[in-house]
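> So that you have it, the file is input-v8.pdb, and it contains PDB, C-alpha atoms and all ligand atoms:
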```pdb
MODEL        1
ATOM      1  CA  ILE A   1      23.475  10.519  -0.724
ATOM      2  CA  ARG A   2      23.558   6.935  -1.996
ATOM      3  CA  LEU A   3      20.369   5.333  -3.292
ATOM      4  CA  TYR A   4      20.051   1.572  -3.384
ATOM      5  CA  ALA A   5      17.111  -0.459  -4.639
ATOM      6  CA  GLY A   6      16.096  -3.994  -3.856
ATOM      7  CA  THR A   7      14.446  -6.012  -6.599
ATOM      8  CA  ALA A   8      10.821  -5.542  -5.463
ATOM      9  CA  CYS A   9       9.926  -2.209  -7.096
ATOM     10  CA  PRO A  10      12.561  -1.351  -9.700
ATOM     11  CA  GLU A  11      10.400   1.114 -11.639
ATOM     12  CA  LEU A  12       9.424   3.104  -8.563
ATOM     13  CA  ALA A  13      13.060   3.105  -7.410
ATOM     14  CA  GLN A  14      14.139   4.425 -10.808
ATOM     15  CA  ASP A  15      11.401   7.087 -10.713
ATOM     16  CA  ILE A  16      12.627   8.235  -7.294
ATOM     17  CA  ALA A  17      16.222   8.305  -8.504
ATOM     18  CA  SER A  18      15.277  10.258 -11.647
ATOM     19  CA  TYR A  19      13.213  12.712  -9.611
ATOM     20  CA  LEU A  20      16.181  13.314  -7.308
ATOM     21  CA  ASN A  21      18.585  13.354 -10.258
ATOM     22  CA  LEU A  22      20.702  10.712  -8.558
ATOM     23  CA  PRO A  23      21.863   7.315  -9.830
ATOM     24  CA  LEU A  24      20.810   4.044  -8.291
ATOM     25  CA  CYS A  25      24.033   2.591  -6.927
ATOM     26  CA  GLY A  26      25.215  -0.781  -8.153
ATOM     27  CA  ARG A  27      24.712  -3.893  -6.081
ATOM     28  CA  ASP A  28      24.317  -7.583  -6.736
ATOM     29  CA  VAL A  29      21.397  -9.516  -5.282
ATOM     30  CA  ILE A  30      21.793 -13.226  -5.842
ATOM     31  CA  GLU A  31      19.466 -16.031  -4.833
ATOM     32  CA  PHE A  32      21.184 -19.363  -4.303
ATOM     33  CA  PRO A  33      19.473 -22.672  -5.133
ATOM     34  CA  ASN A  34      18.611 -23.074  -1.444
ATOM     35  CA  GLU A  35      16.751 -19.721  -1.570
ATOM     36  CA  ASN A  36      19.357 -17.987   0.591
ATOM     37  CA  LEU A  37      20.055 -14.462  -0.627
ATOM     38  CA  PHE A  38      23.442 -12.808  -1.089
ATOM     39  CA  VAL A  39      24.091  -9.084  -1.529
ATOM     40  CA  LYS A  40      27.247  -7.296  -2.617
ATOM     41  CA  LEU A  41      27.671  -3.552  -3.031
ATOM     42  CA  HIS A  42      29.656  -2.391  -6.042
ATOM     43  CA  GLY A  43      31.269   0.469  -4.110
ATOM     44  CA  SER A  44      32.057   1.592  -0.568
ATOM     45  CA  VAL A  45      29.431   3.472   1.442
ATOM     46  CA  ARG A  46      31.721   4.414   4.347
ATOM     47  CA  GLY A  47      30.475   7.642   5.900
ATOM     48  CA  GLN A  48      27.629   8.007   3.359
ATOM     49  CA  ASP A  49      23.939   8.844   3.807
ATOM     50  CA  CYS A  50      22.244   5.758   2.295
ATOM     51  CA  TYR A  51      18.664   4.956   1.291
ATOM     52  CA  VAL A  52      17.337   1.484   0.494
ATOM     53  CA  ILE A  53      14.154   1.442  -1.595
ATOM     54  CA  GLN A  54      12.314  -1.838  -1.252
ATOM     55  CA  THR A  55       8.595  -2.462  -1.033
ATOM     56  CA  THR A  56       7.500  -5.560   0.877
ATOM     57  CA  SER A  57       4.712  -6.883  -1.297
ATOM     58  CA  ALA A  58       4.651 -10.471  -2.608
ATOM     59  CA  PRO A  59       6.804 -12.474  -2.474
ATOM     60  CA  VAL A  60       6.678 -10.918   0.979
ATOM     61  CA  HIS A  61       9.299 -12.944   2.791
ATOM     62  CA  ARG A  62      11.851 -12.782   0.033
ATOM     63  CA  ASN A  63      11.360  -9.035  -0.370
ATOM     64  CA  LEU A  64      11.494  -8.418   3.359
ATOM     65  CA  MET A  65      14.620 -10.536   3.747
ATOM     66  CA  GLU A  66      16.255  -8.746   0.840
ATOM     67  CA  LEU A  67      15.542  -5.409   2.529
ATOM     68  CA  LEU A  68      17.020  -6.625   5.813
ATOM     69  CA  ILE A  69      20.140  -8.001   4.141
ATOM     70  CA  LEU A  70      20.661  -4.771   2.172
ATOM     71  CA  LEU A  71      20.349  -2.754   5.382
ATOM     72  CA  GLN A  72      22.828  -4.970   7.174
ATOM     73  CA  THR A  73      25.256  -4.833   4.264
ATOM     74  CA  LEU A  74      25.245  -1.024   4.377
ATOM     75  CA  ARG A  75      25.673  -1.070   8.159
ATOM     76  CA  LEU A  76      28.617  -3.466   7.972
ATOM     77  CA  ASP A  77      30.227  -1.265   5.313
ATOM     78  CA  SER A  78      30.127   1.680   7.778
ATOM     79  CA  ALA A  79      27.409   3.829   6.188
ATOM     80  CA  ALA A  80      26.890   6.966   8.283
ATOM     81  CA  ARG A  81      23.099   6.924   8.137
ATOM     82  CA  ILE A  82      20.720   4.380   6.622
ATOM     83  CA  THR A  83      17.084   4.979   5.729
ATOM     84  CA  ALA A  84      14.754   2.109   4.850
ATOM     85  CA  VAL A  85      12.287   3.341   2.218
ATOM     86  CA  VAL A  86       9.416   0.844   2.322
ATOM     87  CA  PRO A  87       6.481   2.137   0.261
ATOM     88  CA  TYR A  88       4.251  -0.772   1.344
ATOM     89  CA  LEU A  89       4.984  -2.241   4.769
ATOM     90  CA  CYS A  90       4.054  -5.909   5.018
ATOM     91  CA  TYR A  91       2.185  -7.369   8.008
ATOM     92  CA  ALA A  92       0.652  -3.974   8.796
ATOM     93  CA  ARG A  93      -2.689  -5.672   9.440
ATOM     94  CA  SER A  94      -1.138  -7.694  12.271
ATOM     95  CA  ASP A  95      -1.004  -4.657  14.556
ATOM     96  CA  LYS A  96      -2.652  -5.799  17.792
ATOM     97  CA  LYS A  97      -3.475  -8.809  19.929
ATOM     98  CA  ASP A  98      -7.164  -8.872  19.114
ATOM     99  CA  GLN A  99      -7.512 -12.484  20.251
ATOM    100  CA  PRO A 100      -5.544 -14.631  22.706
ATOM    101  CA  ARG A 101      -2.269 -16.294  21.737
ATOM    102  CA  VAL A 102      -1.544 -14.337  18.543
ATOM    103  CA  PRO A 103       1.505 -12.301  17.492
ATOM    104  CA  ILE A 104       1.835  -8.617  16.617
ATOM    105  CA  THR A 105       3.849  -9.214  13.500
ATOM    106  CA  ALA A 106       4.021  -5.572  12.406
ATOM    107  CA  ARG A 107       6.013  -4.957  15.598
ATOM    108  CA  LEU A 108       8.340  -7.810  14.711
ATOM    109  CA  VAL A 109       8.870  -6.354  11.226
ATOM    110  CA  ALA A 110       9.647  -2.926  12.718
ATOM    111  CA  ASP A 111      12.149  -4.523  15.111
ATOM    112  CA  MET A 112      13.830  -6.429  12.305
ATOM    113  CA  ILE A 113      14.221  -3.307  10.145
ATOM    114  CA  GLU A 114      15.814  -1.539  13.059
ATOM    115  CA  ILE A 115      18.072  -4.417  14.096
ATOM    116  CA  ALA A 116      19.209  -4.933  10.517
ATOM    117  CA  GLY A 117      20.678  -1.449  10.529
ATOM    118  CA  ALA A 118      18.132   1.238   9.643
ATOM    119  CA  ASP A 119      18.528   4.582  11.417
ATOM    120  CA  ARG A 120      15.316   5.914   9.895
ATOM    121  CA  TYR A 121      12.389   4.619   7.876
ATOM    122  CA  ILE A 122      10.028   6.098   5.319
ATOM    123  CA  THR A 123       6.775   4.399   4.422
ATOM    124  CA  MET A 124       3.378   5.273   2.936
ATOM    125  CA  ASP A 125      -0.167   5.176   4.216
ATOM    126  CA  LEU A 126       0.239   2.667   7.021
ATOM    127  CA  HIS A 127      -2.812   0.523   7.581
ATOM    128  CA  ALA A 128      -2.893   1.673  11.219
ATOM    129  CA  GLY A 129      -1.288   4.820  12.590
ATOM    130  CA  GLN A 130      -0.132   3.087  15.773
ATOM    131  CA  ILE A 131       2.436   1.107  13.785
ATOM    132  CA  GLN A 132       4.603   4.246  13.904
ATOM    133  CA  GLY A 133       4.971   3.505  17.611
ATOM    134  CA  PHE A 134       6.382   0.039  16.869
ATOM    135  CA  PHE A 135       9.591   1.688  15.608
ATOM    136  CA  SER A 136      11.982   3.271  18.071
ATOM    137  CA  ILE A 137      13.937   4.851  15.223
ATOM    138  CA  PRO A 138      12.494   8.049  13.726
ATOM    139  CA  GLY A 139      10.585   7.858  10.486
ATOM    140  CA  ASP A 140       8.157   9.513   8.124
ATOM    141  CA  VAL A 141       4.824   8.093   7.066
ATOM    142  CA  LEU A 142       3.995   9.720   3.767
ATOM    143  CA  THR A 143       0.553   9.728   2.209
ATOM    144  CA  ALA A 144      -0.875   9.490  -1.288
ATOM    145  CA  PHE A 145      -4.024  11.237  -0.040
ATOM    146  CA  HIS A 146      -3.245  14.480  -1.884
ATOM    147  CA  MET A 147      -2.391  12.743  -5.173
ATOM    148  CA  LEU A 148      -5.592  10.729  -5.077
ATOM    149  CA  THR A 149      -7.866  13.611  -4.122
ATOM    150  CA  ASP A 150      -6.160  15.917  -6.631
ATOM    151  CA  TYR A 151      -6.896  13.359  -9.334
ATOM    152  CA  PHE A 152     -10.569  13.150  -8.355
ATOM    153  CA  LYS A 153     -10.796  16.935  -8.371
ATOM    154  CA  THR A 154      -9.904  16.836 -12.068
ATOM    155  CA  ILE A 155     -12.846  14.555 -12.897
ATOM    156  CA  LEU A 156     -15.342  15.774 -10.322
ATOM    157  CA  ASN A 157     -17.332  17.880 -12.776
ATOM    158  CA  ARG A 158     -18.053  14.717 -14.799
ATOM    159  CA  LEU A 159     -19.546  12.887 -11.807
ATOM    160  CA  HIS A 160     -23.229  12.830 -10.923
ATOM    161  CA  SER A 161     -23.983  13.906  -7.299
ATOM    162  CA  PRO A 162     -20.803  12.165  -6.109
ATOM    163  CA  VAL A 163     -20.448  10.719  -2.636
ATOM    164  CA  VAL A 164     -17.382   9.265  -0.896
ATOM    165  CA  VAL A 165     -17.972   5.840   0.634
ATOM    166  CA  THR A 166     -15.557   4.084   2.953
ATOM    167  CA  ALA A 167     -15.501   0.343   2.586
ATOM    168  CA  ASP A 168     -14.096  -0.087   6.079
ATOM    169  CA  LEU A 169     -15.003   1.696   9.316
ATOM    170  CA  GLY A 170     -11.324   1.594  10.285
ATOM    171  CA  PHE A 171     -10.763   3.977   7.395
ATOM    172  CA  ALA A 172     -13.585   6.316   8.435
ATOM    173  CA  LYS A 173     -11.443   9.224   9.676
ATOM    174  CA  LYS A 174      -9.320   9.247   6.548
ATOM    175  CA  ALA A 175     -12.445   8.945   4.412
ATOM    176  CA  ARG A 176     -13.892  11.937   6.222
ATOM    177  CA  ASN A 177     -10.804  13.975   5.292
ATOM    178  CA  TYR A 178     -11.107  12.663   1.748
ATOM    179  CA  ALA A 179     -14.715  13.779   1.502
ATOM    180  CA  ALA A 180     -13.882  17.148   3.081
ATOM    181  CA  LYS A 181     -11.078  17.787   0.612
ATOM    182  CA  LEU A 182     -13.437  17.047  -2.284
ATOM    183  CA  GLN A 183     -16.293  18.847  -0.534
ATOM    184  CA  LEU A 184     -18.488  15.769  -0.911
ATOM    185  CA  PRO A 185     -20.828  13.935   1.451
ATOM    186  CA  LEU A 186     -19.669  10.742   3.109
ATOM    187  CA  ALA A 187     -21.254   7.323   3.585
ATOM    188  CA  PHE A 188     -19.950   4.299   5.504
ATOM    189  CA  ILE A 189     -20.073   0.573   5.122
ATOM    190  CA  GLU A 190     -20.020  -1.484   8.257
ATOM    191  CA  LYS A 191     -18.074  -4.596   7.436
ATOM    192  CA  ARG A 192     -17.517  -7.716   9.428
ATOM    193  CA  ARG A 193     -14.681 -10.044   8.459
ATOM    194  CA  LEU A 194     -15.928 -13.613   8.663
ATOM    195  CA  ALA A 195     -12.801 -15.718   8.483
ATOM    196  CA  ASN A 196      -9.067 -15.044   8.514
ATOM    197  CA  ASN A 197      -8.693 -13.018   5.358
ATOM    198  CA  ALA A 198     -10.686 -15.514   3.341
ATOM    199  CA  LYS A 199     -13.954 -13.639   3.151
ATOM    200  CA  ALA A 200     -15.285 -10.283   4.129
ATOM    201  CA  GLU A 201     -18.915  -9.331   4.295
ATOM    202  CA  ALA A 202     -20.205  -5.801   3.869
ATOM    203  CA  LEU A 203     -23.190  -5.633   6.124
ATOM    204  CA  THR A 204     -24.721  -2.205   6.428
ATOM    205  CA  LEU A 205     -24.616   0.995   4.424
ATOM    206  CA  ILE A 206     -24.877   4.160   6.492
ATOM    207  CA  GLY A 207     -25.596   7.114   4.231
ATOM    208  CA  ASP A 208     -27.116   7.842   0.855
ATOM    209  CA  VAL A 209     -25.785   6.570  -2.487
ATOM    210  CA  TYR A 210     -29.065   6.408  -4.423
ATOM    211  CA  ASP A 211     -28.710   7.872  -7.939
ATOM    212  CA  ARG A 212     -25.215   9.071  -7.111
ATOM    213  CA  ASP A 213     -21.759   8.329  -8.465
ATOM    214  CA  VAL A 214     -19.699   6.693  -5.735
ATOM    215  CA  ILE A 215     -16.009   7.051  -4.884
ATOM    216  CA  LEU A 216     -15.164   4.029  -2.728
ATOM    217  CA  VAL A 217     -12.013   4.634  -0.688
ATOM    218  CA  ASP A 218      -9.745   2.249   1.190
ATOM    219  CA  ASP A 219      -6.083   1.971   2.063
ATOM    220  CA  GLU A 220      -5.420  -1.295   0.255
ATOM    221  CA  ILE A 221      -7.027  -3.987  -1.833
ATOM    222  CA  ASP A 222      -5.709  -7.409  -0.983
ATOM    223  CA  THR A 223      -8.003 -10.259  -2.027
ATOM    224  CA  GLY A 224     -10.638  -7.831  -3.291
ATOM    225  CA  GLY A 225     -13.244  -9.376  -0.998
ATOM    226  CA  SER A 226     -14.090  -6.198   0.926
ATOM    227  CA  ILE A 227     -14.328  -4.046  -2.142
ATOM    228  CA  ALA A 228     -16.422  -6.584  -4.074
ATOM    229  CA  GLN A 229     -18.889  -6.659  -1.181
ATOM    230  CA  ALA A 230     -18.898  -2.875  -1.024
ATOM    231  CA  VAL A 231     -19.524  -2.552  -4.756
ATOM    232  CA  ASN A 232     -22.460  -4.963  -4.561
ATOM    233  CA  LEU A 233     -23.897  -3.145  -1.575
ATOM    234  CA  VAL A 234     -23.789   0.327  -3.109
ATOM    235  CA  LYS A 235     -25.195  -1.055  -6.375
ATOM    236  CA  GLU A 236     -28.083  -2.677  -4.476
ATOM    237  CA  ASN A 237     -28.684   0.741  -2.922
ATOM    238  CA  GLY A 238     -28.996   2.460  -6.284
ATOM    239  CA  ALA A 239     -25.495   3.827  -6.943
ATOM    240  CA  ARG A 240     -24.702   4.905 -10.508
ATOM    241  CA  ASN A 241     -21.038   4.821 -11.586
ATOM    242  CA  ILE A 242     -18.483   3.505  -9.117
ATOM    243  CA  TYR A 243     -14.889   4.681  -8.764
ATOM    244  CA  ILE A 244     -12.428   3.008  -6.404
ATOM    245  CA  SER A 245      -9.551   4.863  -4.815
ATOM    246  CA  PHE A 246      -6.912   2.970  -2.846
ATOM    247  CA  VAL A 247      -3.212   3.355  -2.138
ATOM    248  CA  HIS A 248      -1.778  -0.150  -2.102
ATOM    249  CA  ALA A 249      -2.647  -2.578  -4.906
ATOM    250  CA  VAL A 250      -1.758  -5.796  -3.078
ATOM    251  CA  PHE A 251      -3.895  -7.860  -5.488
ATOM    252  CA  SER A 252      -3.262 -11.291  -3.934
ATOM    253  CA  ARG A 253      -4.149 -14.490  -5.745
ATOM    254  CA  ASP A 254      -7.022 -13.905  -8.222
ATOM    255  CA  ALA A 255      -7.931 -10.453  -6.873
ATOM    256  CA  ALA A 256      -7.216  -8.754 -10.204
ATOM    257  CA  GLN A 257      -9.608 -11.072 -12.093
ATOM    258  CA  ARG A 258     -12.235 -10.637  -9.398
ATOM    259  CA  LEU A 259     -11.912  -6.847  -9.428
ATOM    260  CA  ALA A 260     -11.804  -6.510 -13.195
ATOM    261  CA  ALA A 261     -15.162  -8.310 -13.368
ATOM    262  CA  LEU A 262     -16.841  -5.752 -11.088
ATOM    263  CA  PRO A 263     -19.122  -3.025 -12.458
ATOM    264  CA  VAL A 264     -16.564  -0.319 -11.672
ATOM    265  CA  THR A 265     -15.836   2.631 -13.946
ATOM    266  CA  GLN A 266     -12.307   3.312 -12.736
ATOM    267  CA  PHE A 267      -9.749   1.939 -10.283
ATOM    268  CA  VAL A 268      -7.387   4.672  -9.106
ATOM    269  CA  THR A 269      -4.271   3.625  -7.211
ATOM    270  CA  THR A 270      -0.543   4.311  -6.783
ATOM    271  CA  ASN A 271       2.711   2.510  -7.513
ATOM    272  CA  THR A 272       3.701   1.571  -3.946
ATOM    273  CA  ILE A 273       3.381  -2.012  -5.227
ATOM    274  CA  PRO A 274       4.156  -2.866  -8.861
ATOM    275  CA  ILE A 275       1.168  -4.394 -10.662
ATOM    276  CA  PRO A 276       2.333  -7.151 -13.028
ATOM    277  CA  HIS A 277       1.492  -6.379 -16.665
ATOM    278  CA  GLU A 278      -0.772  -9.416 -17.033
ATOM    279  CA  LYS A 279      -2.848  -8.260 -14.057
ATOM    280  CA  ALA A 280      -2.964  -4.621 -15.190
ATOM    281  CA  ALA A 281      -4.043  -5.759 -18.653
ATOM    282  CA  LEU A 282      -7.225  -7.247 -17.192
ATOM    283  CA  PHE A 283      -8.425  -3.736 -16.366
ATOM    284  CA  GLY A 284      -7.439  -2.024 -19.600
ATOM    285  CA  GLU A 285      -8.131   1.717 -19.482
ATOM    286  CA  ARG A 286     -10.084   1.357 -16.244
ATOM    287  CA  LEU A 287      -6.894   1.148 -14.154
ATOM    288  CA  LYS A 288      -5.187   4.432 -13.342
ATOM    289  CA  VAL A 289      -1.878   4.244 -11.503
ATOM    290  CA  LEU A 290      -0.834   7.699 -10.279
TER     291      LEU A 290
HETATM  292  C1  LIG B 301      -9.140  -3.562   6.064
HETATM  293  O1  LIG B 301      -8.909  -3.570   7.198
HETATM  294  C2  LIG B 301      -8.480  -2.723   4.998
HETATM  295  O2  LIG B 301      -8.785  -1.373   5.096
HETATM  296  C3  LIG B 301      -8.912  -3.237   3.665
HETATM  297  O3  LIG B 301     -10.296  -3.107   3.549
HETATM  298  C4  LIG B 301      -8.542  -4.672   3.517
HETATM  299  O4  LIG B 301      -7.183  -4.823   3.787
HETATM  300  C5  LIG B 301      -8.853  -5.192   2.153
HETATM  301  O5  LIG B 301      -8.631  -6.567   2.162
HETATM  302  P1  LIG B 301      -9.351  -7.511   1.088
HETATM  303  O6  LIG B 301      -9.124  -6.868  -0.269
HETATM  304  O7  LIG B 301      -8.669  -8.817   1.236
HETATM  305  O8  LIG B 301     -10.808  -7.583   1.428
ENDMDL
END
```
Write out the structure in this file as structure tokens.

Amino acid sequence: IRLYAGTACPELAQDIASYLNLPLCGRDVIEFPNENLFVKLHGSVRGQDCYVIQTTSAPVHRNLMELLILLQTLRLDSAARITAVVPYLCYARSDKKDQPRVPITARLVADMIEIAGADRYITMDLHAGQIQGFFSIPGDVLTAFHMLTDYFKTILNRLHSPVVVTADLGFAKKARNYAAKLQLPLAFIEKRRLANNAKAEALTLIGDVYDRDVILVDDEIDTGGSIAQAVNLVKENGARNIYISFVHAVFSRDAAQRLAALPVTQFVTTNTIPIPHEKAALFGERLKVL
């Protein structure tokens, strides 16, 4: 087995390598002044089983292109089998034609990964399950569900009448499993997105949060708009302490500042996307990365 890492998530790649007791293989990734990327492997991969670990968070297009070039480099060097390990898959929210004359960019990304040379893919907690069908190569969609719920089990006895709340109806089934695993009741927020990713409005709360500690669950936090609305809504409805559980810390633009200012006791997430130190510092002890 040969493990390769792009430059997007070096710590996670090293953690995976250490866990497997394997080295990360040497490669050069060079960006030319014209922003073109160049990759060179330090050793041959002929006949080898190769894995490329590269998340596709910001800068999305650079990280995606780096992944594609690494895959092609391994293919051209006659690797026997190549697996793209993409903890966070970009464009996953562009998964359907929900209005006329728009693309399905998640499908395009899946095609590109395949064409570049991947025989298999591994990713985590896809925004929409149907994206699996965009790949014609086999793959595994892993989940952080167990890690997150196991963590909450360890603090459950400190919470007051806890309730799981989903900030997005699209996440309702997963939230139901979440609540079942923790043996907690479930409440929903009906949200309507007002403009393309600029603003989200939490409209209606279905369920009871009054005088309860709330565990708000979602798959990702991008701009923080949805979660900020959700926090305000549950607070208005009498929630006590608020915990937020999410897999992918996208944290675009000023999301970290916006989130850190919220009346939230703890933000619990994973390392599918590295959180820059200056952003993590805004949260202090309130940020827990599993
Ligand atoms: C929505 O479809 C997702 O489950 C998340 O709620 C959404 O991606 C979060 O985006 P933002 O943080 O920009 O509101």
> Which residues are near Phe251 of chain A? Cut-off 7 Å, only C-alpha atoms, ignore same chain within fewer than 2 positions. Put them as a PyMOL selection string.
chain A and resi 221-223+249+253+255-256
> Just give me the residues with any atom within 6 Å of (5.5, -7.6, 2.0), file coordinates, counting only C-alpha atoms, written as a PDB file with C-alpha atoms, in the coordinates of the input.

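Output (result_13.pdb):
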```
ATOM      1  CA  THR A  56       7.500  -5.560   0.877  1.00  0.00           C
ATOM      2  CA  SER A  57       4.712  -6.883  -1.297  1.00  0.00           C
ATOM      3  CA  ALA A  58       4.651 -10.471  -2.608  1.00  0.00           C
ATOM      4  CA  VAL A  60       6.678 -10.918   0.979  1.00  0.00           C
ATOM      5  CA  CYS A  90       4.054  -5.909   5.018  1.00  0.00           C
TER       6      CYS A  90
END
```
> Ligand LIG 301 (chain B): which residues are within 6 Å, counting all atoms listed in the file, as a list in words?
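Using all atoms listed in the file, I find these residues within 6 Å of ligand LIG 301 (chain B): Asp168, Asn197, Ala200, Asp218, Asp219, Glu220, Ile221, Asp222, Thr223, Gly224, Gly225 and Ser226 of chain A.
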> Would you save the residues from that selection as a PDB file, in the frame of the given file, using C-alpha atoms?

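Everything below was put into selection_22.pdb:
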```pdb
ATOM      1  CA  ASP A 168     -14.096  -0.087   6.079  1.00  0.00           C
ATOM      2  CA  ASN A 197      -8.693 -13.018   5.358  1.00  0.00           C
ATOM      3  CA  ALA A 200     -15.285 -10.283   4.129  1.00  0.00           C
ATOM      4  CA  ASP A 218      -9.745   2.249   1.190  1.00  0.00           C
ATOM      5  CA  ASP A 219      -6.083   1.971   2.063  1.00  0.00           C
ATOM      6  CA  GLU A 220      -5.420  -1.295   0.255  1.00  0.00           C
ATOM      7  CA  ILE A 221      -7.027  -3.987  -1.833  1.00  0.00           C
ATOM      8  CA  ASP A 222      -5.709  -7.409  -0.983  1.00  0.00           C
ATOM      9  CA  THR A 223      -8.003 -10.259  -2.027  1.00  0.00           C
ATOM     10  CA  GLY A 224     -10.638  -7.831  -3.291  1.00  0.00           C
ATOM     11  CA  GLY A 225     -13.244  -9.376  -0.998  1.00  0.00           C
ATOM     12  CA  SER A 226     -14.090  -6.198   0.926  1.00  0.00           C
TER      13      SER A 226
END
```
> Can you tell me which residues surround segment 79-89 of chain A at a distance of at most 8 Å, considering all atoms listed in the file, apart from same-chain residues fewer than 6 positions away, and format the answer as a PyMOL selection string?
chain A and resi 45-57+67+71+113+117-126+248+272-273
> Please, could you write that set of residues out with C-alpha atoms as a PDB file, in the coordinates of the input?

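Ended up saving to selection.pdb:
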```pdb
ATOM      1  CA  VAL A  45      29.431   3.472   1.442  1.00  0.00           C
ATOM      2  CA  ARG A  46      31.721   4.414   4.347  1.00  0.00           C
ATOM      3  CA  GLY A  47      30.475   7.642   5.900  1.00  0.00           C
ATOM      4  CA  GLN A  48      27.629   8.007   3.359  1.00  0.00           C
ATOM      5  CA  ASP A  49      23.939   8.844   3.807  1.00  0.00           C
ATOM      6  CA  CYS A  50      22.244   5.758   2.295  1.00  0.00           C
ATOM      7  CA  TYR A  51      18.664   4.956   1.291  1.00  0.00           C
ATOM      8  CA  VAL A  52      17.337   1.484   0.494  1.00  0.00           C
ATOM      9  CA  ILE A  53      14.154   1.442  -1.595  1.00  0.00           C
ATOM     10  CA  GLN A  54      12.314  -1.838  -1.252  1.00  0.00           C
ATOM     11  CA  THR A  55       8.595  -2.462  -1.033  1.00  0.00           C
ATOM     12  CA  THR A  56       7.500  -5.560   0.877  1.00  0.00           C
ATOM     13  CA  SER A  57       4.712  -6.883  -1.297  1.00  0.00           C
ATOM     14  CA  LEU A  67      15.542  -5.409   2.529  1.00  0.00           C
ATOM     15  CA  LEU A  71      20.349  -2.754   5.382  1.00  0.00           C
ATOM     16  CA  ILE A 113      14.221  -3.307  10.145  1.00  0.00           C
ATOM     17  CA  GLY A 117      20.678  -1.449  10.529  1.00  0.00           C
ATOM     18  CA  ALA A 118      18.132   1.238   9.643  1.00  0.00           C
ATOM     19  CA  ASP A 119      18.528   4.582  11.417  1.00  0.00           C
ATOM     20  CA  ARG A 120      15.316   5.914   9.895  1.00  0.00           C
ATOM     21  CA  TYR A 121      12.389   4.619   7.876  1.00  0.00           C
ATOM     22  CA  ILE A 122      10.028   6.098   5.319  1.00  0.00           C
ATOM     23  CA  THR A 123       6.775   4.399   4.422  1.00  0.00           C
ATOM     24  CA  MET A 124       3.378   5.273   2.936  1.00  0.00           C
ATOM     25  CA  ASP A 125      -0.167   5.176   4.216  1.00  0.00           C
ATOM     26  CA  LEU A 126       0.239   2.667   7.021  1.00  0.00           C
ATOM     27  CA  HIS A 248      -1.778  -0.150  -2.102  1.00  0.00           C
ATOM     28  CA  THR A 272       3.701   1.571  -3.946  1.00  0.00           C
ATOM     29  CA  ILE A 273       3.381  -2.012  -5.227  1.00  0.00           C
TER      30      ILE A 273
END
```
> Taking the file as shown, what set of residues would the PyMOL selection byres (((chain A and resi 94) around 12) and not hetatm) give back, as a list in words?
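So the PyMOL selection byres (((chain A and resi 94) around 12) and not hetatm) ends up selecting Leu89, Cys90, Tyr91, Ala92, Arg93, Asp95, Lys96, Lys97, Asp98, Gln99, Val102, Pro103, Ile104, Thr105, Ala106, Arg107, Leu108, Val109, Ala110, Leu126, His127, Ala128, Gln130, Ile131, Phe134, Asn196 and Asn197 of chain A.
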> Set up a box along x, y and z of the file covering all listed atoms of segment 169-181 of chain A, add 8 Å on every one of the six sides, and write the centre and edge lengths in Å to one decimal, as AutoDock Vina command-line options.

```
--center_x -12.2 --center_y 9.7 --center_z 5.4 --size_x 21.7 --size_y 32.2 --size_z 25.7
```
> Neighbours of segment 285-289 of chain A within 8 Å (all atoms listed in the file; same-chain residues fewer than 5 positions away dropped), as a PyMOL selection string?
chain A and resi 265-271+280
> Using only C-alpha atoms, please write the residues we just selected to a file, as a PDB file, in the coordinates of the input.

```pdb
ATOM      1  CA  THR A 265     -15.836   2.631 -13.946  1.00  0.00           C
ATOM      2  CA  GLN A 266     -12.307   3.312 -12.736  1.00  0.00           C
ATOM      3  CA  PHE A 267      -9.749   1.939 -10.283  1.00  0.00           C
ATOM      4  CA  VAL A 268      -7.387   4.672  -9.106  1.00  0.00           C
ATOM      5  CA  THR A 269      -4.271   3.625  -7.211  1.00  0.00           C
ATOM      6  CA  THR A 270      -0.543   4.311  -6.783  1.00  0.00           C
ATOM      7  CA  ASN A 271       2.711   2.510  -7.513  1.00  0.00           C
ATOM      8  CA  ALA A 280      -2.964  -4.621 -15.190  1.00  0.00           C
TER       9      ALA A 280
END
```
